[in-house]
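Structure file work_25.pdb (PDB, C-alpha atoms, pLDDT in the B column) follows.
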ATOM      1  CA  ALA A   1      -0.385  35.176 -17.623  1.00 50.00           C
ATOM      2  CA  ALA A   2       2.082  38.015 -18.070  1.00 57.00           C
ATOM      3  CA  CYS A   3       2.141  40.792 -15.499  1.00 61.00           C
ATOM      4  CA  LEU A   4       1.421  44.216 -16.956  1.00 66.00           C
ATOM      5  CA  PRO A   5       2.573  46.786 -14.352  1.00 71.00           C
ATOM      6  CA  ALA A   6       1.007  49.743 -16.196  1.00 74.00           C
ATOM      7  CA  SER A   7      -2.443  48.108 -16.201  1.00 72.00           C
ATOM      8  CA  GLN A   8      -5.356  49.722 -14.414  1.00 71.00           C
ATOM      9  CA  VAL A   9      -8.252  47.854 -12.844  1.00 69.00           C
ATOM     10  CA  LEU A  10     -11.726  49.316 -12.552  1.00 64.00           C
ATOM     11  CA  SER A  11     -13.089  48.823  -9.060  1.00 68.00           C
ATOM     12  CA  LYS A  12     -16.588  49.461  -7.819  1.00 67.00           C
ATOM     13  CA  GLU A  13     -15.239  51.961  -5.314  1.00 69.00           C
ATOM     14  CA  ASN A  14     -13.475  54.051  -7.966  1.00 66.00           C
ATOM     15  CA  SER A  15     -16.046  53.709 -10.735  1.00 65.00           C
ATOM     16  CA  PRO A  16     -17.422  56.945 -12.185  1.00 64.00           C
ATOM     17  CA  TYR A  17     -20.747  55.140 -12.651  1.00 63.00           C
ATOM     18  CA  GLU A  18     -23.221  55.363  -9.791  1.00 64.00           C
ATOM     19  CA  HIS A  19     -25.100  52.202 -10.681  1.00 61.00           C
ATOM     20  CA  TYR A  20     -22.161  49.938 -11.461  1.00 57.00           C
ATOM     21  CA  GLU A  21     -23.966  46.703 -10.610  1.00 65.00           C
ATOM     22  CA  GLU A  22     -27.118  47.473 -12.602  1.00 68.00           C
ATOM     23  CA  ASP A  23     -27.505  45.587 -15.846  1.00 66.00           C
ATOM     24  CA  HIS A  24     -28.368  48.335 -18.292  1.00 65.00           C
ATOM     25  CA  MET A  25     -29.233  45.727 -20.928  1.00 68.00           C
ATOM     26  CA  HIS A  26     -31.846  43.981 -18.742  1.00 68.00           C
ATOM     27  CA  ASP A  27     -34.799  45.419 -20.679  1.00 70.00           C
ATOM     28  CA  TYR A  28     -33.273  44.304 -23.976  1.00 66.00           C
ATOM     29  CA  TYR A  29     -32.637  40.774 -22.705  1.00 68.00           C
ATOM     30  CA  CYS A  30     -36.220  40.465 -21.485  1.00 70.00           C
ATOM     31  CA  SER A  31     -37.913  41.901 -24.571  1.00 67.00           C
ATOM     32  CA  ALA A  32     -38.773  40.084 -27.787  1.00 68.00           C
ATOM     33  CA  ALA A  33     -37.003  42.793 -29.818  1.00 67.00           C
ATOM     34  CA  THR A  34     -33.870  41.543 -31.551  1.00 69.00           C
ATOM     35  CA  GLY A  35     -32.258  44.864 -32.334  1.00 68.00           C
ATOM     36  CA  ILE A  36     -32.185  47.516 -34.997  1.00 65.00           C
ATOM     37  CA  ARG A  37     -33.276  45.183 -37.788  1.00 66.00           C
ATOM     38  CA  ASP A  38     -35.131  41.901 -37.886  1.00 70.00           C
ATOM     39  CA  PRO A  39     -33.032  38.808 -38.593  1.00 69.00           C
ATOM     40  CA  ALA A  40     -32.858  37.872 -42.290  1.00 76.00           C
ATOM     41  CA  HIS A  41     -33.527  34.231 -41.384  1.00 76.00           C
ATOM     42  CA  LYS A  42     -36.274  33.652 -38.806  1.00 82.00           C
ATOM     43  CA  ASP A  43     -35.964  30.312 -37.008  1.00 87.00           C
ATOM     44  CA  ASP A  44     -38.519  29.378 -34.338  1.00 88.00           C
ATOM     45  CA  ARG A  45     -36.837  26.174 -33.113  1.00 92.00           C
ATOM     46  CA  LEU A  46     -35.637  28.167 -30.091  1.00 93.00           C
ATOM     47  CA  ALA A  47     -36.726  31.461 -28.577  1.00 91.00           C
ATOM     48  CA  ALA A  48     -34.998  34.346 -30.364  1.00 89.00           C
ATOM     49  CA  LYS A  49     -33.022  35.351 -27.281  1.00 88.00           C
ATOM     50  CA  GLU A  50     -32.147  31.841 -26.092  1.00 92.00           C
ATOM     51  CA  VAL A  51     -28.422  31.941 -25.369  1.00 93.00           C
ATOM     52  CA  ILE A  52     -26.577  29.135 -27.133  1.00 95.00           C
ATOM     53  CA  LEU A  53     -23.092  27.756 -27.484  1.00 95.00           C
ATOM     54  CA  GLY A  54     -22.501  27.622 -31.234  1.00 95.00           C
ATOM     55  CA  VAL A  55     -19.993  25.120 -32.578  1.00 94.00           C
ATOM     56  CA  GLY A  56     -18.779  24.717 -36.131  1.00 88.00           C
ATOM     57  CA  GLY A  57     -20.228  26.711 -38.972  1.00 75.00           C
ATOM     58  CA  ASP A  58     -21.743  26.637 -42.443  1.00 72.00           C
ATOM     59  CA  ASN A  59     -22.840  23.022 -43.088  1.00 81.00           C
ATOM     60  CA  ASN A  60     -21.888  21.482 -39.730  1.00 88.00           C
ATOM     61  CA  ALA A  61     -23.023  24.023 -37.117  1.00 93.00           C
ATOM     62  CA  VAL A  62     -24.600  22.869 -33.859  1.00 95.00           C
ATOM     63  CA  ALA A  63     -26.336  25.042 -31.260  1.00 96.00           C
ATOM     64  CA  TYR A  64     -26.346  23.938 -27.617  1.00 96.00           C
ATOM     65  CA  PRO A  65     -29.029  25.803 -25.633  1.00 96.00           C
ATOM     66  CA  LEU A  66     -27.505  27.200 -22.468  1.00 95.00           C
ATOM     67  CA  SER A  67     -30.781  26.593 -20.612  1.00 94.00           C
ATOM     68  CA  LEU A  68     -30.427  22.851 -21.289  1.00 95.00           C
ATOM     69  CA  LEU A  69     -26.788  22.847 -20.246  1.00 95.00           C
ATOM     70  CA  ARG A  70     -27.672  24.775 -17.085  1.00 95.00           C
ATOM     71  CA  GLN A  71     -30.123  21.973 -16.171  1.00 94.00           C
ATOM     72  CA  THR A  72     -27.925  18.978 -17.015  1.00 95.00           C
ATOM     73  CA  LYS A  73     -24.493  20.505 -16.182  1.00 96.00           C
ATOM     74  CA  VAL A  74     -22.868  18.073 -18.679  1.00 97.00           C
ATOM     75  CA  LEU A  75     -23.702  17.348 -22.331  1.00 96.00           C
ATOM     76  CA  HIS A  76     -21.969  14.760 -24.502  1.00 96.00           C
ATOM     77  CA  ASP A  77     -22.034  14.914 -28.283  1.00 95.00           C
ATOM     78  CA  ASP A  78     -20.155  13.823 -31.358  1.00 92.00           C
ATOM     79  CA  VAL A  79     -18.939  16.777 -33.446  1.00 89.00           C
ATOM     80  CA  ASN A  80     -17.444  15.899 -36.832  1.00 85.00           C
ATOM     81  CA  GLY A  81     -16.591  12.404 -35.590  1.00 88.00           C
ATOM     82  CA  GLU A  82     -15.018  13.633 -32.358  1.00 92.00           C
ATOM     83  CA  ALA A  83     -16.447  12.844 -28.915  1.00 96.00           C
ATOM     84  CA  CYS A  84     -17.002  16.159 -27.108  1.00 96.00           C
ATOM     85  CA  VAL A  85     -18.291  17.366 -23.767  1.00 98.00           C
ATOM     86  CA  ALA A  86     -19.805  20.639 -22.605  1.00 97.00           C
ATOM     87  CA  PHE A  87     -19.661  21.646 -18.933  1.00 97.00           C
ATOM     88  CA  TYR A  88     -21.753  24.214 -17.114  1.00 96.00           C
ATOM     89  CA  ALA A  89     -20.150  25.583 -13.926  1.00 92.00           C
ATOM     90  CA  GLU A  90     -22.921  26.945 -11.702  1.00 90.00           C
ATOM     91  CA  LYS A  91     -20.663  29.083  -9.489  1.00 88.00           C
ATOM     92  CA  SER A  92     -19.268  31.101 -12.390  1.00 86.00           C
ATOM     93  CA  HIS A  93     -22.236  30.713 -14.777  1.00 87.00           C
ATOM     94  CA  THR A  94     -19.687  29.569 -17.335  1.00 89.00           C
ATOM     95  CA  ALA A  95     -20.102  27.080 -20.168  1.00 94.00           C
ATOM     96  CA  THR A  96     -17.119  25.404 -21.808  1.00 96.00           C
ATOM     97  CA  PHE A  97     -16.676  22.838 -24.573  1.00 97.00           C
ATOM     98  CA  PHE A  98     -13.887  20.251 -24.884  1.00 97.00           C
ATOM     99  CA  SER A  99     -12.785  17.166 -26.768  1.00 97.00           C
ATOM    100  CA  ALA A 100     -13.653  14.196 -24.543  1.00 97.00           C
ATOM    101  CA  THR A 101     -10.635  12.173 -25.681  1.00 96.00           C
ATOM    102  CA  VAL A 102      -7.441  12.273 -23.639  1.00 95.00           C
ATOM    103  CA  ALA A 103      -4.580   9.792 -23.567  1.00 86.00           C
ATOM    104  CA  GLU A 104      -6.080   6.414 -24.543  1.00 89.00           C
ATOM    105  CA  TYR A 105      -9.506   7.259 -23.101  1.00 92.00           C
ATOM    106  CA  THR A 106     -12.714   8.571 -24.602  1.00 96.00           C
ATOM    107  CA  LEU A 107     -14.300   9.883 -21.440  1.00 97.00           C
ATOM    108  CA  THR A 108     -17.864  10.367 -20.291  1.00 97.00           C
ATOM    109  CA  PHE A 109     -18.539  12.738 -17.431  1.00 98.00           C
ATOM    110  CA  TYR A 110     -20.980  13.434 -14.638  1.00 97.00           C
ATOM    111  CA  GLU A 111     -21.475  16.288 -12.213  1.00 96.00           C
ATOM    112  CA  ARG A 112     -21.834  15.886  -8.454  1.00 95.00           C
ATOM    113  CA  SER A 113     -22.057  18.818  -6.029  1.00 91.00           C
ATOM    114  CA  GLY A 114     -20.528  21.219  -8.536  1.00 89.00           C
ATOM    115  CA  MET A 115     -17.573  18.940  -9.333  1.00 93.00           C
ATOM    116  CA  PHE A 116     -17.046  17.056 -12.611  1.00 97.00           C
ATOM    117  CA  TYR A 117     -15.787  13.459 -12.787  1.00 98.00           C
ATOM    118  CA  ASP A 118     -15.171  10.952 -15.535  1.00 98.00           C
ATOM    119  CA  TYR A 119     -16.757   7.496 -15.251  1.00 97.00           C
ATOM    120  CA  GLN A 120     -13.701   5.740 -16.662  1.00 97.00           C
ATOM    121  CA  THR A 121     -11.086   6.722 -14.033  1.00 96.00           C
ATOM    122  CA  GLY A 122     -12.929   8.779 -11.401  1.00 97.00           C
ATOM    123  CA  SER A 123     -10.640  11.760 -12.034  1.00 97.00           C
ATOM    124  CA  CYS A 124     -12.018  15.167 -11.050  1.00 98.00           C
ATOM    125  CA  TRP A 125     -11.899  17.798 -13.829  1.00 97.00           C
ATOM    126  CA  SER A 126     -12.010  21.586 -13.894  1.00 96.00           C
ATOM    127  CA  PRO A 127     -14.961  22.723 -16.009  1.00 95.00           C
ATOM    128  CA  LEU A 128     -13.133  25.986 -16.695  1.00 94.00           C
ATOM    129  CA  THR A 129      -9.703  24.771 -17.784  1.00 95.00           C
ATOM    130  CA  GLY A 130     -10.332  21.139 -18.717  1.00 96.00           C
ATOM    131  CA  GLY A 131      -7.466  20.073 -16.465  1.00 97.00           C
ATOM    132  CA  VAL A 132      -7.516  17.312 -13.840  1.00 97.00           C
ATOM    133  CA  LEU A 133      -7.823  18.574 -10.271  1.00 97.00           C
ATOM    134  CA  HIS A 134      -7.165  15.169  -8.687  1.00 96.00           C
ATOM    135  CA  GLY A 135      -7.316  11.496  -9.578  1.00 97.00           C
ATOM    136  CA  PRO A 136      -5.474   8.998 -11.778  1.00 96.00           C
ATOM    137  CA  LEU A 137      -5.262  11.373 -14.780  1.00 96.00           C
ATOM    138  CA  VAL A 138      -3.528  14.261 -12.942  1.00 96.00           C
ATOM    139  CA  GLY A 139      -1.433  16.163 -15.471  1.00 95.00           C
ATOM    140  CA  LYS A 140      -3.825  15.438 -18.342  1.00 96.00           C
ATOM    141  CA  GLN A 141      -5.765  18.181 -20.110  1.00 96.00           C
ATOM    142  CA  LEU A 142      -8.901  18.176 -22.263  1.00 97.00           C
ATOM    143  CA  GLN A 143      -8.441  20.112 -25.496  1.00 97.00           C
ATOM    144  CA  PRO A 144     -10.829  23.077 -25.807  1.00 96.00           C
ATOM    145  CA  ILE A 145     -13.194  23.314 -28.772  1.00 95.00           C
ATOM    146  CA  SER A 146     -13.871  26.822 -30.101  1.00 93.00           C
ATOM    147  CA  VAL A 147     -17.427  27.991 -29.448  1.00 94.00           C
ATOM    148  CA  ALA A 148     -19.365  31.207 -29.828  1.00 94.00           C
ATOM    149  CA  THR A 149     -21.796  32.275 -27.121  1.00 94.00           C
ATOM    150  CA  SER A 150     -24.667  33.977 -28.905  1.00 93.00           C
ATOM    151  CA  PHE A 151     -28.355  34.726 -28.931  1.00 92.00           C
ATOM    152  CA  TRP A 152     -30.134  32.121 -31.048  1.00 93.00           C
ATOM    153  CA  PHE A 153     -31.514  34.686 -33.518  1.00 91.00           C
ATOM    154  CA  ALA A 154     -28.014  35.969 -34.335  1.00 91.00           C
ATOM    155  CA  TRP A 155     -26.458  32.504 -34.689  1.00 94.00           C
ATOM    156  CA  ALA A 156     -29.342  31.164 -36.806  1.00 92.00           C
ATOM    157  CA  ASP A 157     -29.149  34.232 -39.032  1.00 90.00           C
ATOM    158  CA  HIS A 158     -25.545  33.357 -39.938  1.00 90.00           C
ATOM    159  CA  PHE A 159     -25.898  29.560 -39.870  1.00 93.00           C
ATOM    160  CA  PRO A 160     -29.493  28.737 -40.927  1.00 92.00           C
ATOM    161  CA  GLU A 161     -28.717  25.011 -41.351  1.00 92.00           C
ATOM    162  CA  THR A 162     -27.679  24.680 -37.705  1.00 93.00           C
ATOM    163  CA  LYS A 163     -28.634  21.494 -35.883  1.00 94.00           C
ATOM    164  CA  VAL A 164     -30.125  22.237 -32.452  1.00 95.00           C
ATOM    165  CA  TYR A 165     -28.873  19.820 -29.813  1.00 94.00           C
ATOM    166  CA  SER A 166     -31.513  18.047 -27.793  1.00 89.00           C
ATOM    167  CA  LEU A 167     -31.268  15.264 -25.255  1.00 78.00           C
ATOM    168  CA  PRO A 168     -31.878  11.761 -26.580  1.00 73.00           C
ATOM    169  CA  ALA A 169     -35.404  10.463 -26.008  1.00 67.00           C
ATOM    170  CA  ILE A 170     -35.761   7.949 -23.173  1.00 65.00           C
ATOM    171  CA  ASN A 171     -37.919   4.974 -24.130  1.00 56.00           C
TER     172      ASN A 171
END
In structure tokens, how does this file's structure come out?
Amino acid sequence: AACLPASQVLSKENSPYEHYEEDHMHDYYCSAATGIRDPAHKDDRLAAKEVILGVGGDNNAVAYPLSLLRQTKVLHDDVNGEACVAFYAEKSHTATFFSATVAEYTLTFYERSGMFYDYQTGSCWSPLTGGVLHGPLVGKQLQPISVATSFWFAWADHFPETKVYSLPAIN
């Protein structure tokens, strides 16, 4: 990243706001109210304020509930014929989405103690950057897939034909 010497950083100590750490939107997040107007397209497949990762759009949109990703830490899916993976990093409460194909491998991943590994080579991957931290694939990088983090009601209002991702049933 470029260094911007004229930049200013807001610190807690120098903030003009007394309650810097308070979440002033907490009541909104916890209420059933969706805002100034009701959504044009009501969709009850998820709770209105379920936070999702939205991928694609129009006729091929998929919503990945963040609550599911928070539980599993890793989700694999096929988006438009491409093997993809979503990671949830507990420490940063961050969700990311990548192509799961790198070099000659289509990778599948697992999480152990906050670290992410692929089954094929045992390489350890950064859930934030998609780069290899250590292992046989050092120097390789997963390609990010563009996602939108949104409340379900807002995403479904724009993409009413969205498929909602769910884990495969275990027989």
Using the chain letters and residue numbers of this document, give as an mmCIF file with C-alpha atoms, keeping the file's coordinate frame the residues selected by the PyMOL selection byres ((chain A and resi 166-168) around 12).
data_model
loop_
_atom_site.group_PDB
_atom_site.id
_atom_site.type_symbol
_atom_site.label_atom_id
_atom_site.label_comp_id
_atom_site.auth_asym_id
_atom_site.auth_seq_id
_atom_site.Cartn_x
_atom_site.Cartn_y
_atom_site.Cartn_z
ATOM 1 C CA ARG A 45 -36.837 26.174 -33.113
ATOM 2 C CA LEU A 46 -35.637 28.167 -30.091
ATOM 3 C CA VAL A 62 -24.600 22.869 -33.859
ATOM 4 C CA ALA A 63 -26.336 25.042 -31.260
ATOM 5 C CA TYR A 64 -26.346 23.938 -27.617
ATOM 6 C CA PRO A 65 -29.029 25.803 -25.633
ATOM 7 C CA LEU A 66 -27.505 27.200 -22.468
ATOM 8 C CA SER A 67 -30.781 26.593 -20.612
ATOM 9 C CA LEU A 68 -30.427 22.851 -21.289
ATOM 10 C CA LEU A 69 -26.788 22.847 -20.246
ATOM 11 C CA GLN A 71 -30.123 21.973 -16.171
ATOM 12 C CA THR A 72 -27.925 18.978 -17.015
ATOM 13 C CA VAL A 74 -22.868 18.073 -18.679
ATOM 14 C CA LEU A 75 -23.702 17.348 -22.331
ATOM 15 C CA HIS A 76 -21.969 14.760 -24.502
ATOM 16 C CA ASP A 77 -22.034 14.914 -28.283
ATOM 17 C CA LYS A 163 -28.634 21.494 -35.883
ATOM 18 C CA VAL A 164 -30.125 22.237 -32.452
ATOM 19 C CA TYR A 165 -28.873 19.820 -29.813
ATOM 20 C CA ALA A 169 -35.404 10.463 -26.008
ATOM 21 C CA ILE A 170 -35.761 7.949 -23.173
ATOM 22 C CA ASN A 171 -37.919 4.974 -24.130
#
As AutoDock Vina command-line options: centre and edge lengths in Å, one decimal, of the axis-aligned box holding stretch 101-116 of chain A with 5 Å per side:
--center_x -13.3 --center_y 13.8 --center_z -15.9 --size_x 27.5 --size_y 24.8 --size_z 29.7
Suppose a student applies the PyMOL selection byres ((chain A and resi 144) around 7) to this structure; what residues should they get, written as a PDB file with C-alpha atoms, in the coordinates of the input?
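Output file part.pdb follows:
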ATOM      1  CA  PHE A  97     -16.676  22.838 -24.573  1.00 97.00           C
ATOM      2  CA  PHE A  98     -13.887  20.251 -24.884  1.00 97.00           C
ATOM      3  CA  SER A  99     -12.785  17.166 -26.768  1.00 97.00           C
ATOM      4  CA  LEU A 142      -8.901  18.176 -22.263  1.00 97.00           C
ATOM      5  CA  GLN A 143      -8.441  20.112 -25.496  1.00 97.00           C
ATOM      6  CA  ILE A 145     -13.194  23.314 -28.772  1.00 95.00           C
ATOM      7  CA  SER A 146     -13.871  26.822 -30.101  1.00 93.00           C
TER       8      SER A 146
END
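Here atom CA of A:Gly54 and atom CA of A:Tyr88 stand 14.5 Å from one another.
Pairwise distance (atom CA of A:Ala100, atom CA of A:His158) equals 27.3 Å.
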